[in-house]
>>> print(open('input-v7.pdb').read())   # PDB, C-alpha atoms, pLDDT in the B column
ATOM      1  CA  MET A   1     -24.508  -5.397 -49.635  1.00 44.00           C
ATOM      2  CA  ILE A   2     -23.257  -4.561 -46.181  1.00 47.00           C
ATOM      3  CA  SER A   3     -21.634  -7.393 -44.228  1.00 49.00           C
ATOM      4  CA  PHE A   4     -22.218  -7.453 -40.496  1.00 49.00           C
ATOM      5  CA  PHE A   5     -19.863 -10.344 -39.883  1.00 52.00           C
ATOM      6  CA  ILE A   6     -17.022  -9.355 -37.569  1.00 59.00           C
ATOM      7  CA  HIS A   7     -13.779 -11.307 -37.565  1.00 70.00           C
ATOM      8  CA  ILE A   8     -12.462 -11.657 -34.005  1.00 75.00           C
ATOM      9  CA  ARG A   9      -9.064 -13.245 -33.497  1.00 80.00           C
ATOM     10  CA  PHE A  10      -7.891 -14.964 -30.344  1.00 81.00           C
ATOM     11  CA  LEU A  11      -5.297 -12.198 -29.920  1.00 83.00           C
ATOM     12  CA  ASP A  12      -8.104  -9.623 -29.998  1.00 79.00           C
ATOM     13  CA  ILE A  13      -9.744 -11.329 -27.020  1.00 85.00           C
ATOM     14  CA  ILE A  14      -6.443 -11.351 -25.118  1.00 89.00           C
ATOM     15  CA  ASP A  15      -5.953  -7.679 -25.998  1.00 85.00           C
ATOM     16  CA  ILE A  16      -9.384  -6.759 -24.604  1.00 83.00           C
ATOM     17  CA  LEU A  17      -8.814  -8.800 -21.437  1.00 89.00           C
ATOM     18  CA  LEU A  18      -5.421  -7.197 -20.775  1.00 88.00           C
ATOM     19  CA  VAL A  19      -6.786  -3.674 -21.228  1.00 83.00           C
ATOM     20  CA  THR A  20      -9.707  -4.532 -18.939  1.00 85.00           C
ATOM     21  CA  ILE A  21      -7.361  -5.843 -16.235  1.00 86.00           C
ATOM     22  CA  ILE A  22      -5.142  -2.754 -16.444  1.00 80.00           C
ATOM     23  CA  PHE A  23      -8.078  -0.354 -16.146  1.00 78.00           C
ATOM     24  CA  TYR A  24      -9.560  -2.395 -13.296  1.00 81.00           C
ATOM     25  CA  GLU A  25      -6.290  -2.332 -11.344  1.00 75.00           C
ATOM     26  CA  ILE A  26      -5.990   1.424 -11.879  1.00 73.00           C
ATOM     27  CA  TYR A  27      -9.616   1.840 -10.780  1.00 75.00           C
ATOM     28  CA  LYS A  28      -8.912  -0.069  -7.543  1.00 72.00           C
ATOM     29  CA  LEU A  29      -5.866   2.102  -6.831  1.00 67.00           C
ATOM     30  CA  VAL A  30      -7.660   5.448  -7.249  1.00 65.00           C
ATOM     31  CA  LYS A  31     -11.059   4.456  -5.870  1.00 67.00           C
ATOM     32  CA  GLY A  32     -11.967   6.596  -2.878  1.00 60.00           C
ATOM     33  CA  THR A  33      -9.199   9.155  -3.521  1.00 58.00           C
ATOM     34  CA  VAL A  34      -9.295  12.683  -4.902  1.00 58.00           C
ATOM     35  CA  ALA A  35      -7.654  11.315  -8.056  1.00 63.00           C
ATOM     36  CA  PHE A  36     -10.721   9.211  -8.879  1.00 69.00           C
ATOM     37  CA  ASN A  37     -12.588  12.057 -10.635  1.00 69.00           C
ATOM     38  CA  ILE A  38      -9.493  12.827 -12.712  1.00 70.00           C
ATOM     39  CA  PHE A  39      -9.235   9.171 -13.682  1.00 71.00           C
ATOM     40  CA  MET A  40     -12.881   9.065 -14.742  1.00 74.00           C
ATOM     41  CA  GLY A  41     -12.415  12.215 -16.841  1.00 74.00           C
ATOM     42  CA  ILE A  42      -9.394  10.722 -18.604  1.00 74.00           C
ATOM     43  CA  PHE A  43     -11.259   7.454 -19.151  1.00 76.00           C
ATOM     44  CA  ILE A  44     -14.231   9.268 -20.755  1.00 79.00           C
ATOM     45  CA  ILE A  45     -11.899  11.187 -23.090  1.00 77.00           C
ATOM     46  CA  PHE A  46     -10.201   7.893 -23.985  1.00 78.00           C
ATOM     47  CA  VAL A  47     -13.552   6.272 -24.883  1.00 81.00           C
ATOM     48  CA  VAL A  48     -14.506   9.310 -26.999  1.00 84.00           C
ATOM     49  CA  TRP A  49     -11.149   9.058 -28.777  1.00 81.00           C
ATOM     50  CA  LEU A  50     -11.799   5.390 -29.617  1.00 81.00           C
ATOM     51  CA  VAL A  51     -15.237   6.243 -30.995  1.00 86.00           C
ATOM     52  CA  VAL A  52     -13.813   9.103 -33.056  1.00 85.00           C
ATOM     53  CA  LYS A  53     -11.122   6.833 -34.480  1.00 82.00           C
ATOM     54  CA  SER A  54     -13.666   4.155 -35.398  1.00 82.00           C
ATOM     55  CA  LEU A  55     -15.760   6.780 -37.201  1.00 84.00           C
ATOM     56  CA  LYS A  56     -12.612   7.977 -39.025  1.00 82.00           C
ATOM     57  CA  MET A  57     -13.021  11.601 -37.967  1.00 84.00           C
ATOM     58  CA  GLU A  58      -9.458  12.553 -38.853  1.00 81.00           C
ATOM     59  CA  LEU A  59      -9.253  16.108 -37.478  1.00 83.00           C
ATOM     60  CA  LEU A  60     -10.838  15.444 -34.064  1.00 83.00           C
ATOM     61  CA  GLY A  61      -9.007  12.122 -33.806  1.00 79.00           C
ATOM     62  CA  SER A  62      -5.701  13.863 -34.470  1.00 81.00           C
ATOM     63  CA  ILE A  63      -6.386  16.499 -31.796  1.00 81.00           C
ATOM     64  CA  LEU A  64      -7.327  13.879 -29.184  1.00 78.00           C
ATOM     65  CA  GLY A  65      -4.322  11.766 -30.167  1.00 74.00           C
ATOM     66  CA  GLN A  66      -1.962  14.697 -29.600  1.00 76.00           C
ATOM     67  CA  LEU A  67      -3.710  15.419 -26.316  1.00 73.00           C
ATOM     68  CA  PHE A  68      -2.993  11.887 -25.095  1.00 67.00           C
ATOM     69  CA  GLY A  69       0.584  12.026 -26.364  1.00 68.00           C
ATOM     70  CA  VAL A  70       1.352  15.166 -24.371  1.00 69.00           C
ATOM     71  CA  GLY A  71      -0.876  14.133 -21.473  1.00 65.00           C
ATOM     72  CA  VAL A  72       1.131  11.035 -20.546  1.00 64.00           C
ATOM     73  CA  ILE A  73       3.660  13.114 -18.594  1.00 69.00           C
ATOM     74  CA  ALA A  74       0.876  15.069 -16.904  1.00 68.00           C
ATOM     75  CA  ILE A  75      -0.887  11.847 -15.938  1.00 66.00           C
ATOM     76  CA  ILE A  76       2.299  10.462 -14.359  1.00 70.00           C
ATOM     77  CA  ILE A  77       2.707  13.671 -12.334  1.00 73.00           C
ATOM     78  CA  VAL A  78      -0.919  13.706 -11.175  1.00 67.00           C
ATOM     79  CA  PHE A  79      -0.982   9.996 -10.375  1.00 67.00           C
ATOM     80  CA  GLN A  80       2.577   9.641  -9.066  1.00 70.00           C
ATOM     81  CA  GLN A  81       1.478   7.911  -5.829  1.00 65.00           C
ATOM     82  CA  GLU A  82      -0.931   5.617  -7.683  1.00 63.00           C
ATOM     83  CA  VAL A  83       1.729   4.759 -10.290  1.00 68.00           C
ATOM     84  CA  ARG A  84       4.168   3.923  -7.493  1.00 67.00           C
ATOM     85  CA  ARG A  85       1.603   1.678  -5.804  1.00 62.00           C
ATOM     86  CA  PHE A  86       0.785  -0.030  -9.118  1.00 63.00           C
ATOM     87  CA  LEU A  87       4.450  -0.762  -9.883  1.00 67.00           C
ATOM     88  CA  LEU A  88       4.982  -1.937  -6.306  1.00 63.00           C
ATOM     89  CA  LEU A  89       1.991  -4.247  -6.671  1.00 59.00           C
ATOM     90  CA  LEU A  90       3.427  -5.770  -9.851  1.00 61.00           C
ATOM     91  CA  GLY A  91       6.887  -6.150  -8.313  1.00 61.00           C
ATOM     92  CA  SER A  92       5.543  -7.683  -5.109  1.00 54.00           C
ATOM     93  CA  ARG A  93       3.443 -10.232  -6.996  1.00 51.00           C
ATOM     94  CA  TYR A  94       6.378 -11.124  -9.216  1.00 49.00           C
ATOM     95  CA  ARG A  95       8.715 -11.710  -6.292  1.00 50.00           C
ATOM     96  CA  ALA A  96       6.060 -13.553  -4.304  1.00 47.00           C
ATOM     97  CA  ASN A  97       5.434 -15.975  -7.181  1.00 49.00           C
ATOM     98  CA  ARG A  98       9.074 -16.802  -7.900  1.00 47.00           C
ATOM     99  CA  GLN A  99      10.300 -20.188  -6.734  1.00 43.00           C
ATOM    100  CA  PHE A 100      13.915 -19.164  -7.198  1.00 40.00           C
ATOM    101  CA  SER A 101      15.581 -15.865  -6.410  1.00 42.00           C
ATOM    102  CA  LEU A 102      19.025 -14.499  -5.609  1.00 37.00           C
ATOM    103  CA  GLU A 103      17.711 -13.247  -2.281  1.00 42.00           C
ATOM    104  CA  SER A 104      16.765 -16.751  -1.196  1.00 40.00           C
ATOM    105  CA  LEU A 105      20.301 -17.928  -1.963  1.00 35.00           C
ATOM    106  CA  PHE A 106      22.210 -15.322   0.008  1.00 35.00           C
ATOM    107  CA  SER A 107      19.949 -14.267   2.859  1.00 39.00           C
ATOM    108  CA  ASN A 108      16.740 -14.667   4.733  1.00 42.00           C
ATOM    109  CA  GLN A 109      16.248 -10.932   5.187  1.00 42.00           C
ATOM    110  CA  PHE A 110      12.988 -10.700   3.255  1.00 39.00           C
ATOM    111  CA  LYS A 111      11.012 -12.530   5.895  1.00 49.00           C
ATOM    112  CA  LEU A 112       8.905 -10.271   8.067  1.00 53.00           C
ATOM    113  CA  ALA A 113      10.283 -11.334  11.475  1.00 61.00           C
ATOM    114  CA  SER A 114      11.230 -14.410  13.457  1.00 79.00           C
ATOM    115  CA  GLU A 115       8.572 -16.255  15.439  1.00 82.00           C
ATOM    116  CA  ALA A 116      10.021 -14.990  18.715  1.00 86.00           C
ATOM    117  CA  SER A 117       9.873 -11.416  17.418  1.00 89.00           C
ATOM    118  CA  MET A 118       6.264 -11.869  16.321  1.00 91.00           C
ATOM    119  CA  HIS A 119       5.331 -13.071  19.805  1.00 92.00           C
ATOM    120  CA  ALA A 120       7.102 -10.020  21.281  1.00 94.00           C
ATOM    121  CA  ILE A 121       5.252  -7.634  18.951  1.00 94.00           C
ATOM    122  CA  VAL A 122       1.860  -9.221  19.652  1.00 95.00           C
ATOM    123  CA  GLU A 123       2.458  -9.286  23.418  1.00 95.00           C
ATOM    124  CA  ALA A 124       3.452  -5.599  23.390  1.00 95.00           C
ATOM    125  CA  CYS A 125       0.309  -4.755  21.418  1.00 96.00           C
ATOM    126  CA  ARG A 126      -1.836  -6.739  23.862  1.00 95.00           C
ATOM    127  CA  GLN A 127      -0.492  -4.868  26.880  1.00 95.00           C
ATOM    128  CA  MET A 128      -0.662  -1.472  25.167  1.00 95.00           C
ATOM    129  CA  SER A 129      -4.238  -2.230  24.151  1.00 95.00           C
ATOM    130  CA  GLU A 130      -5.200  -3.063  27.743  1.00 94.00           C
ATOM    131  CA  ASN A 131      -3.552   0.135  29.034  1.00 93.00           C
ATOM    132  CA  ARG A 132      -4.884   2.364  26.217  1.00 93.00           C
ATOM    133  CA  VAL A 133      -1.407   3.285  24.996  1.00 94.00           C
ATOM    134  CA  GLY A 134      -1.380   4.501  21.393  1.00 94.00           C
ATOM    135  CA  ALA A 135       1.082   2.866  19.006  1.00 95.00           C
ATOM    136  CA  LEU A 136       1.943   2.803  15.320  1.00 96.00           C
ATOM    137  CA  ILE A 137       4.219  -0.043  14.217  1.00 96.00           C
ATOM    138  CA  VAL A 138       5.328  -0.536  10.597  1.00 95.00           C
ATOM    139  CA  LEU A 139       6.544  -3.993   9.641  1.00 94.00           C
ATOM    140  CA  ALA A 140       8.686  -3.812   6.498  1.00 90.00           C
ATOM    141  CA  ARG A 141       8.441  -6.678   4.033  1.00 84.00           C
ATOM    142  CA  GLU A 142      10.146  -6.572   0.615  1.00 79.00           C
ATOM    143  CA  SER A 143      11.058  -2.890   0.950  1.00 77.00           C
ATOM    144  CA  GLU A 144      13.260  -1.828   3.873  1.00 79.00           C
ATOM    145  CA  LEU A 145      11.478   1.578   4.009  1.00 86.00           C
ATOM    146  CA  ARG A 146      14.761   3.462   4.314  1.00 85.00           C
ATOM    147  CA  GLU A 147      13.182   6.753   3.203  1.00 85.00           C
ATOM    148  CA  TYR A 148      10.859   6.599   6.228  1.00 90.00           C
ATOM    149  CA  VAL A 149      13.508   5.262   8.621  1.00 92.00           C
ATOM    150  CA  GLU A 150      15.623   8.343   7.923  1.00 90.00           C
ATOM    151  CA  THR A 151      12.833  10.661   9.123  1.00 92.00           C
ATOM    152  CA  GLY A 152      13.013   9.289  12.673  1.00 93.00           C
ATOM    153  CA  GLU A 153      15.479   8.407  15.416  1.00 94.00           C
ATOM    154  CA  ILE A 154      17.682   5.437  14.513  1.00 94.00           C
ATOM    155  CA  ILE A 155      17.561   2.662  17.125  1.00 93.00           C
ATOM    156  CA  ASP A 156      18.639  -0.557  15.367  1.00 92.00           C
ATOM    157  CA  ALA A 157      17.878  -2.806  18.344  1.00 94.00           C
ATOM    158  CA  GLU A 158      16.612  -6.322  18.857  1.00 94.00           C
ATOM    159  CA  ILE A 159      12.851  -6.709  19.042  1.00 94.00           C
ATOM    160  CA  SER A 160      11.423  -7.075  22.547  1.00 94.00           C
ATOM    161  CA  SER A 161       8.010  -6.344  23.988  1.00 94.00           C
ATOM    162  CA  GLU A 162       9.509  -4.249  26.797  1.00 95.00           C
ATOM    163  CA  LEU A 163      11.405  -2.026  24.373  1.00 95.00           C
ATOM    164  CA  ILE A 164       8.317  -1.528  22.210  1.00 95.00           C
ATOM    165  CA  LYS A 165       6.208  -0.593  25.243  1.00 95.00           C
ATOM    166  CA  SER A 166       8.856   1.794  26.576  1.00 95.00           C
ATOM    167  CA  ILE A 167       9.105   3.594  23.237  1.00 95.00           C
ATOM    168  CA  PHE A 168       5.338   4.170  23.061  1.00 95.00           C
ATOM    169  CA  PHE A 169       5.008   5.073  26.752  1.00 92.00           C
ATOM    170  CA  LYS A 170       3.192   8.415  26.948  1.00 87.00           C
ATOM    171  CA  ASN A 171       6.091  10.281  28.555  1.00 86.00           C
ATOM    172  CA  SER A 172       8.690   8.843  26.191  1.00 89.00           C
ATOM    173  CA  PRO A 173      10.255  11.372  23.790  1.00 90.00           C
ATOM    174  CA  LEU A 174       9.877   8.775  21.007  1.00 90.00           C
ATOM    175  CA  HIS A 175       6.194   7.917  21.449  1.00 89.00           C
ATOM    176  CA  ASP A 176       4.981  10.272  18.696  1.00 89.00           C
ATOM    177  CA  GLY A 177       5.238   8.981  15.160  1.00 91.00           C
ATOM    178  CA  ALA A 178       5.831   5.451  13.939  1.00 95.00           C
ATOM    179  CA  MET A 179       8.192   2.635  14.844  1.00 96.00           C
ATOM    180  CA  ILE A 180       9.669   0.806  11.854  1.00 95.00           C
ATOM    181  CA  ILE A 181      10.700  -2.836  12.135  1.00 94.00           C
ATOM    182  CA  SER A 182      12.841  -4.158   9.295  1.00 90.00           C
ATOM    183  CA  LEU A 183      15.114  -7.174   8.853  1.00 87.00           C
ATOM    184  CA  ASN A 184      13.959  -8.519  12.223  1.00 88.00           C
ATOM    185  CA  ARG A 185      15.153  -5.424  14.124  1.00 92.00           C
ATOM    186  CA  ILE A 186      13.624  -2.212  15.425  1.00 95.00           C
ATOM    187  CA  LYS A 187      15.234   0.199  12.985  1.00 95.00           C
ATOM    188  CA  ALA A 188      13.818   3.546  14.098  1.00 95.00           C
ATOM    189  CA  ALA A 189      11.121   5.328  16.084  1.00 95.00           C
ATOM    190  CA  ARG A 190       9.328   8.666  15.828  1.00 94.00           C
ATOM    191  CA  CYS A 191       9.228   8.258  12.045  1.00 95.00           C
ATOM    192  CA  ILE A 192       7.021  10.404   9.826  1.00 93.00           C
ATOM    193  CA  LEU A 193       4.601   8.570   7.525  1.00 93.00           C
ATOM    194  CA  PRO A 194       2.460   9.807   4.621  1.00 89.00           C
ATOM    195  CA  VAL A 195      -1.209  10.316   5.491  1.00 90.00           C
ATOM    196  CA  SER A 196      -3.829   8.723   3.233  1.00 87.00           C
ATOM    197  CA  GLN A 197      -5.965  11.088   1.161  1.00 78.00           C
ATOM    198  CA  LYS A 198      -8.846   8.619   0.798  1.00 78.00           C
ATOM    199  CA  LEU A 199     -12.197  10.360   1.135  1.00 74.00           C
ATOM    200  CA  GLU A 200     -14.001   7.257   2.380  1.00 78.00           C
ATOM    201  CA  ILE A 201     -12.012   6.906   5.607  1.00 83.00           C
ATOM    202  CA  SER A 202     -14.241   7.215   8.658  1.00 83.00           C
ATOM    203  CA  PRO A 203     -13.882  10.629  10.370  1.00 82.00           C
ATOM    204  CA  VAL A 204     -13.756   8.726  13.673  1.00 84.00           C
ATOM    205  CA  LEU A 205     -10.288   7.432  12.790  1.00 88.00           C
ATOM    206  CA  GLY A 206      -7.346   9.561  13.856  1.00 88.00           C
ATOM    207  CA  LEU A 207      -3.986  10.415  12.305  1.00 90.00           C
ATOM    208  CA  ARG A 208      -2.408   7.118  13.367  1.00 92.00           C
ATOM    209  CA  HIS A 209      -4.944   5.150  11.339  1.00 94.00           C
ATOM    210  CA  ARG A 210      -4.675   7.518   8.373  1.00 93.00           C
ATOM    211  CA  ALA A 211      -0.883   7.247   8.446  1.00 94.00           C
ATOM    212  CA  ALA A 212      -1.145   3.449   8.635  1.00 94.00           C
ATOM    213  CA  ILE A 213      -3.362   3.382   5.556  1.00 93.00           C
ATOM    214  CA  GLY A 214      -1.150   5.947   3.827  1.00 90.00           C
ATOM    215  CA  VAL A 215       2.110   4.020   4.142  1.00 91.00           C
ATOM    216  CA  SER A 216       0.413   0.709   3.244  1.00 90.00           C
ATOM    217  CA  GLU A 217      -0.925   2.387   0.084  1.00 85.00           C
ATOM    218  CA  GLN A 218       2.572   3.329  -1.034  1.00 82.00           C
ATOM    219  CA  THR A 219       4.498   0.263   0.177  1.00 85.00           C
ATOM    220  CA  ASP A 220       3.945  -3.445   0.815  1.00 84.00           C
ATOM    221  CA  ALA A 221       4.373  -3.025   4.588  1.00 90.00           C
ATOM    222  CA  TYR A 222       2.038  -4.306   7.297  1.00 93.00           C
ATOM    223  CA  VAL A 223       1.092  -1.608   9.774  1.00 95.00           C
ATOM    224  CA  ILE A 224      -0.262  -2.194  13.291  1.00 96.00           C
ATOM    225  CA  VAL A 225      -2.226   0.526  15.074  1.00 96.00           C
ATOM    226  CA  VAL A 226      -3.201   0.540  18.745  1.00 96.00           C
ATOM    227  CA  SER A 227      -5.855   3.160  19.449  1.00 94.00           C
ATOM    228  CA  GLU A 228      -5.220   5.414  22.429  1.00 92.00           C
ATOM    229  CA  GLU A 229      -8.941   6.205  22.737  1.00 91.00           C
ATOM    230  CA  THR A 230     -10.455   2.708  22.484  1.00 92.00           C
ATOM    231  CA  GLY A 231      -7.519   0.339  22.909  1.00 93.00           C
ATOM    232  CA  HIS A 232      -8.560  -1.468  19.716  1.00 94.00           C
ATOM    233  CA  ILE A 233      -5.881  -3.068  17.564  1.00 96.00           C
ATOM    234  CA  SER A 234      -6.051  -2.545  13.797  1.00 95.00           C
ATOM    235  CA  MET A 235      -3.964  -3.800  10.895  1.00 95.00           C
ATOM    236  CA  SER A 236      -3.445  -2.068   7.553  1.00 94.00           C
ATOM    237  CA  SER A 237      -2.037  -3.556   4.350  1.00 90.00           C
ATOM    238  CA  GLY A 238      -2.508  -2.740   0.689  1.00 86.00           C
ATOM    239  CA  GLY A 239      -4.311   0.471   1.578  1.00 86.00           C
ATOM    240  CA  GLU A 240      -7.035  -1.386   3.478  1.00 89.00           C
ATOM    241  CA  LEU A 241      -7.630  -1.240   7.235  1.00 92.00           C
ATOM    242  CA  LYS A 242      -8.909  -4.157   9.302  1.00 93.00           C
ATOM    243  CA  GLU A 243     -10.218  -2.728  12.554  1.00 92.00           C
ATOM    244  CA  ASP A 244     -10.621  -4.137  16.056  1.00 91.00           C
ATOM    245  CA  ILE A 245      -8.797  -7.434  15.636  1.00 93.00           C
ATOM    246  CA  SER A 246      -7.798  -9.732  18.479  1.00 93.00           C
ATOM    247  CA  THR A 247      -4.192 -10.549  19.344  1.00 92.00           C
ATOM    248  CA  ASP A 248      -4.792 -14.098  18.037  1.00 93.00           C
ATOM    249  CA  GLU A 249      -5.888 -12.677  14.678  1.00 93.00           C
ATOM    250  CA  LEU A 250      -2.889 -10.373  14.654  1.00 92.00           C
ATOM    251  CA  PHE A 251      -0.478 -13.228  15.240  1.00 92.00           C
ATOM    252  CA  LYS A 252      -2.123 -15.328  12.508  1.00 90.00           C
ATOM    253  CA  ILE A 253      -1.730 -12.471  10.010  1.00 86.00           C
ATOM    254  CA  LEU A 254       1.950 -12.062  10.896  1.00 85.00           C
ATOM    255  CA  GLU A 255       2.523 -15.800  10.829  1.00 82.00           C
ATOM    256  CA  THR A 256       0.911 -16.121   7.397  1.00 78.00           C
ATOM    257  CA  SER A 257       3.066 -13.321   5.971  1.00 66.00           C
ATOM    258  CA  HIS A 258       6.152 -15.023   7.409  1.00 57.00           C
ATOM    259  CA  LYS A 259       5.612 -18.159   5.342  1.00 53.00           C
TER     260      LYS A 259
END
>>> encode(input="input-v7.pdb", output="structure tokens")
Amino acid sequence: MISFFIHIRFLDIIDILLVTIIFYEIYKLVKGTVAFNIFMGIFIIFVVWLVVKSLKMELLGSILGQLFGVGVIAIIIVFQQEVRRFLLLLGSRYRANRQFSLESLFSNQFKLASEASMHAIVEACRQMSENRVGALIVLARESELREYVETGEIIDAEISSELIKSIFFKNSPLHDGAMIISLNRIKAARCILPVSQKLEISPVLGLRHRAAIGVSEQTDAYVIVVSEETGHISMSSGGELKEDISTDELFKILETSHK
């Protein structure tokens, strides 16, 4: 007599939940990118492998098992940006949830910027928006973004609205590229940022917006964009872009991240 009773342990439920969470996080990272189809292909092969193993088809199961064993390196190469974003996400959440850290003992450098600096940034964005001056400002958080700072002209100056506006003035030699603000100072200007490869980005958006999304996909930075065509202010974080926000909204976002 065949028994249809299945014994499910509490650990089995936890196992299923953890696998579900991992696949969901990976899905969110690759959704809308060219890597999404590759991810779906790998996921289908994985499901087939599980079915084959449950049916005890030894030969096919062995072939698929070897394929996954060798394919781990290939997957890391193909999804190197997504893997970096996933690890950054885990690290950022870990550090954000800690009540105690060595950084909090020795410095205050991991705060986004002082309140005076935030007012200066917002005021500069307001005036550039009114005058239709394009701008791309990266606000470093946990990571200092040194690899991107090194691609531009080092400034290392105090934050002021006048300096920000002068850098992005149309005739300024530094107005192309991004400004990076880190440790409450303007570190560099004319920096080169990675451009997002998301397929779902509106074709209306230009390179500034794509670069803002791109760097926020790969780091935990906040990125402010002022459109030269419309004067609209946008904010990107976590690979998502919030368009046409007011200066009050911008300040609230910066203030919240500061806490």
>>> residues_around(input="input-v7.pdb", residues="Gly214 (chain A)", least_positions_apart="4", cutoff="12 Å", atoms="only C-alpha atoms", output="ChimeraX atom specification")
/A:33,81-82,85,138,192-198,201,207-210,218-223,236-241
>>> atom_distance(input="input-v7.pdb", atom1="CA of Glu142 (chain A)", atom2="CA of Met179 (chain A)")
17.1 Å
>>> resolve_selection(input="input-v7.pdb", expression="the PyMOL selection byres ((chain A and resi 249-256) around 10)", output="list in words")
Leu112, Ala113, Ser114, Glu115, Met118, His119, Ile121, Val122, Glu123, Cys125, Arg126, Leu139, Tyr222, Ile224, Ile233, Ser234, Met235, Asp244, Ile245, Ser246, Thr247, Asp248, Ser257, His258 and Lys259 of chain A
>>> atom_distance(input="input-v7.pdb", atom1="CA of Gly152 (chain A)", atom2="CA of Ile213 (chain A)")
18.8 Å
>>> atom_distance(input="input-v7.pdb", atom1="CA of Leu59 (chain A)", atom2="CA of Phe39 (chain A)")
24.8 Å
>>> decode(input="input-v7.pdb", residues="region 43-58 of chain A", atoms="N, CA and C atoms", output="PDB file, in the first residue's frame")
ATOM      1  N   PHE A  43      17.166  29.338 -14.110  1.00  0.00           N
ATOM      2  CA  PHE A  43      16.142  28.917 -13.159  1.00  0.00           C
ATOM      3  C   PHE A  43      15.359  27.708 -13.690  1.00  0.00           C
ATOM      4  N   ILE A  44      15.036  27.718 -14.987  1.00  0.00           N
ATOM      5  CA  ILE A  44      14.299  26.595 -15.589  1.00  0.00           C
ATOM      6  C   ILE A  44      15.141  25.320 -15.536  1.00  0.00           C
ATOM      7  N   ILE A  45      16.438  25.440 -15.856  1.00  0.00           N
ATOM      8  CA  ILE A  45      17.324  24.275 -15.787  1.00  0.00           C
ATOM      9  C   ILE A  45      17.404  23.750 -14.355  1.00  0.00           C
ATOM     10  N   PHE A  46      17.441  24.680 -13.386  1.00  0.00           N
ATOM     11  CA  PHE A  46      17.493  24.284 -11.979  1.00  0.00           C
ATOM     12  C   PHE A  46      16.247  23.501 -11.574  1.00  0.00           C
ATOM     13  N   VAL A  47      15.070  23.958 -12.009  1.00  0.00           N
ATOM     14  CA  VAL A  47      13.812  23.267 -11.695  1.00  0.00           C
ATOM     15  C   VAL A  47      13.806  21.874 -12.329  1.00  0.00           C
ATOM     16  N   VAL A  48      14.263  21.788 -13.585  1.00  0.00           N
ATOM     17  CA  VAL A  48      14.336  20.486 -14.266  1.00  0.00           C
ATOM     18  C   VAL A  48      15.261  19.539 -13.510  1.00  0.00           C
ATOM     19  N   TRP A  49      16.393  20.093 -13.025  1.00  0.00           N
ATOM     20  CA  TRP A  49      17.338  19.273 -12.263  1.00  0.00           C
ATOM     21  C   TRP A  49      16.695  18.714 -10.991  1.00  0.00           C
ATOM     22  N   LEU A  50      15.906  19.550 -10.293  1.00  0.00           N
ATOM     23  CA  LEU A  50      15.224  19.085  -9.089  1.00  0.00           C
ATOM     24  C   LEU A  50      14.237  17.979  -9.404  1.00  0.00           C
ATOM     25  N   VAL A  51      13.510  18.131 -10.511  1.00  0.00           N
ATOM     26  CA  VAL A  51      12.539  17.105 -10.913  1.00  0.00           C
ATOM     27  C   VAL A  51      13.253  15.804 -11.254  1.00  0.00           C
ATOM     28  N   VAL A  52      14.359  15.926 -11.994  1.00  0.00           N
ATOM     29  CA  VAL A  52      15.134  14.742 -12.375  1.00  0.00           C
ATOM     30  C   VAL A  52      15.674  14.022 -11.146  1.00  0.00           C
ATOM     31  N   LYS A  53      16.140  14.782 -10.173  1.00  0.00           N
ATOM     32  CA  LYS A  53      16.658  14.176  -8.943  1.00  0.00           C
ATOM     33  C   LYS A  53      15.566  13.461  -8.170  1.00  0.00           C
ATOM     34  N   SER A  54      14.366  14.071  -8.121  1.00  0.00           N
ATOM     35  CA  SER A  54      13.258  13.455  -7.393  1.00  0.00           C
ATOM     36  C   SER A  54      12.790  12.170  -8.061  1.00  0.00           C
ATOM     37  N   LEU A  55      12.940  12.105  -9.387  1.00  0.00           N
ATOM     38  CA  LEU A  55      12.562  10.901 -10.137  1.00  0.00           C
ATOM     39  C   LEU A  55      13.699   9.873 -10.179  1.00  0.00           C
ATOM     40  N   LYS A  56      14.828  10.215  -9.579  1.00  0.00           N
ATOM     41  CA  LYS A  56      15.995   9.332  -9.487  1.00  0.00           C
ATOM     42  C   LYS A  56      16.497   8.887 -10.856  1.00  0.00           C
ATOM     43  N   MET A  57      16.552   9.859 -11.781  1.00  0.00           N
ATOM     44  CA  MET A  57      17.125   9.595 -13.103  1.00  0.00           C
ATOM     45  C   MET A  57      18.616   9.898 -13.005  1.00  0.00           C
ATOM     46  N   GLU A  58      19.400   8.873 -12.690  1.00  0.00           N
ATOM     47  CA  GLU A  58      20.788   9.041 -12.290  1.00  0.00           C
ATOM     48  C   GLU A  58      21.650   9.695 -13.373  1.00  0.00           C
TER      49      GLU A  58
END
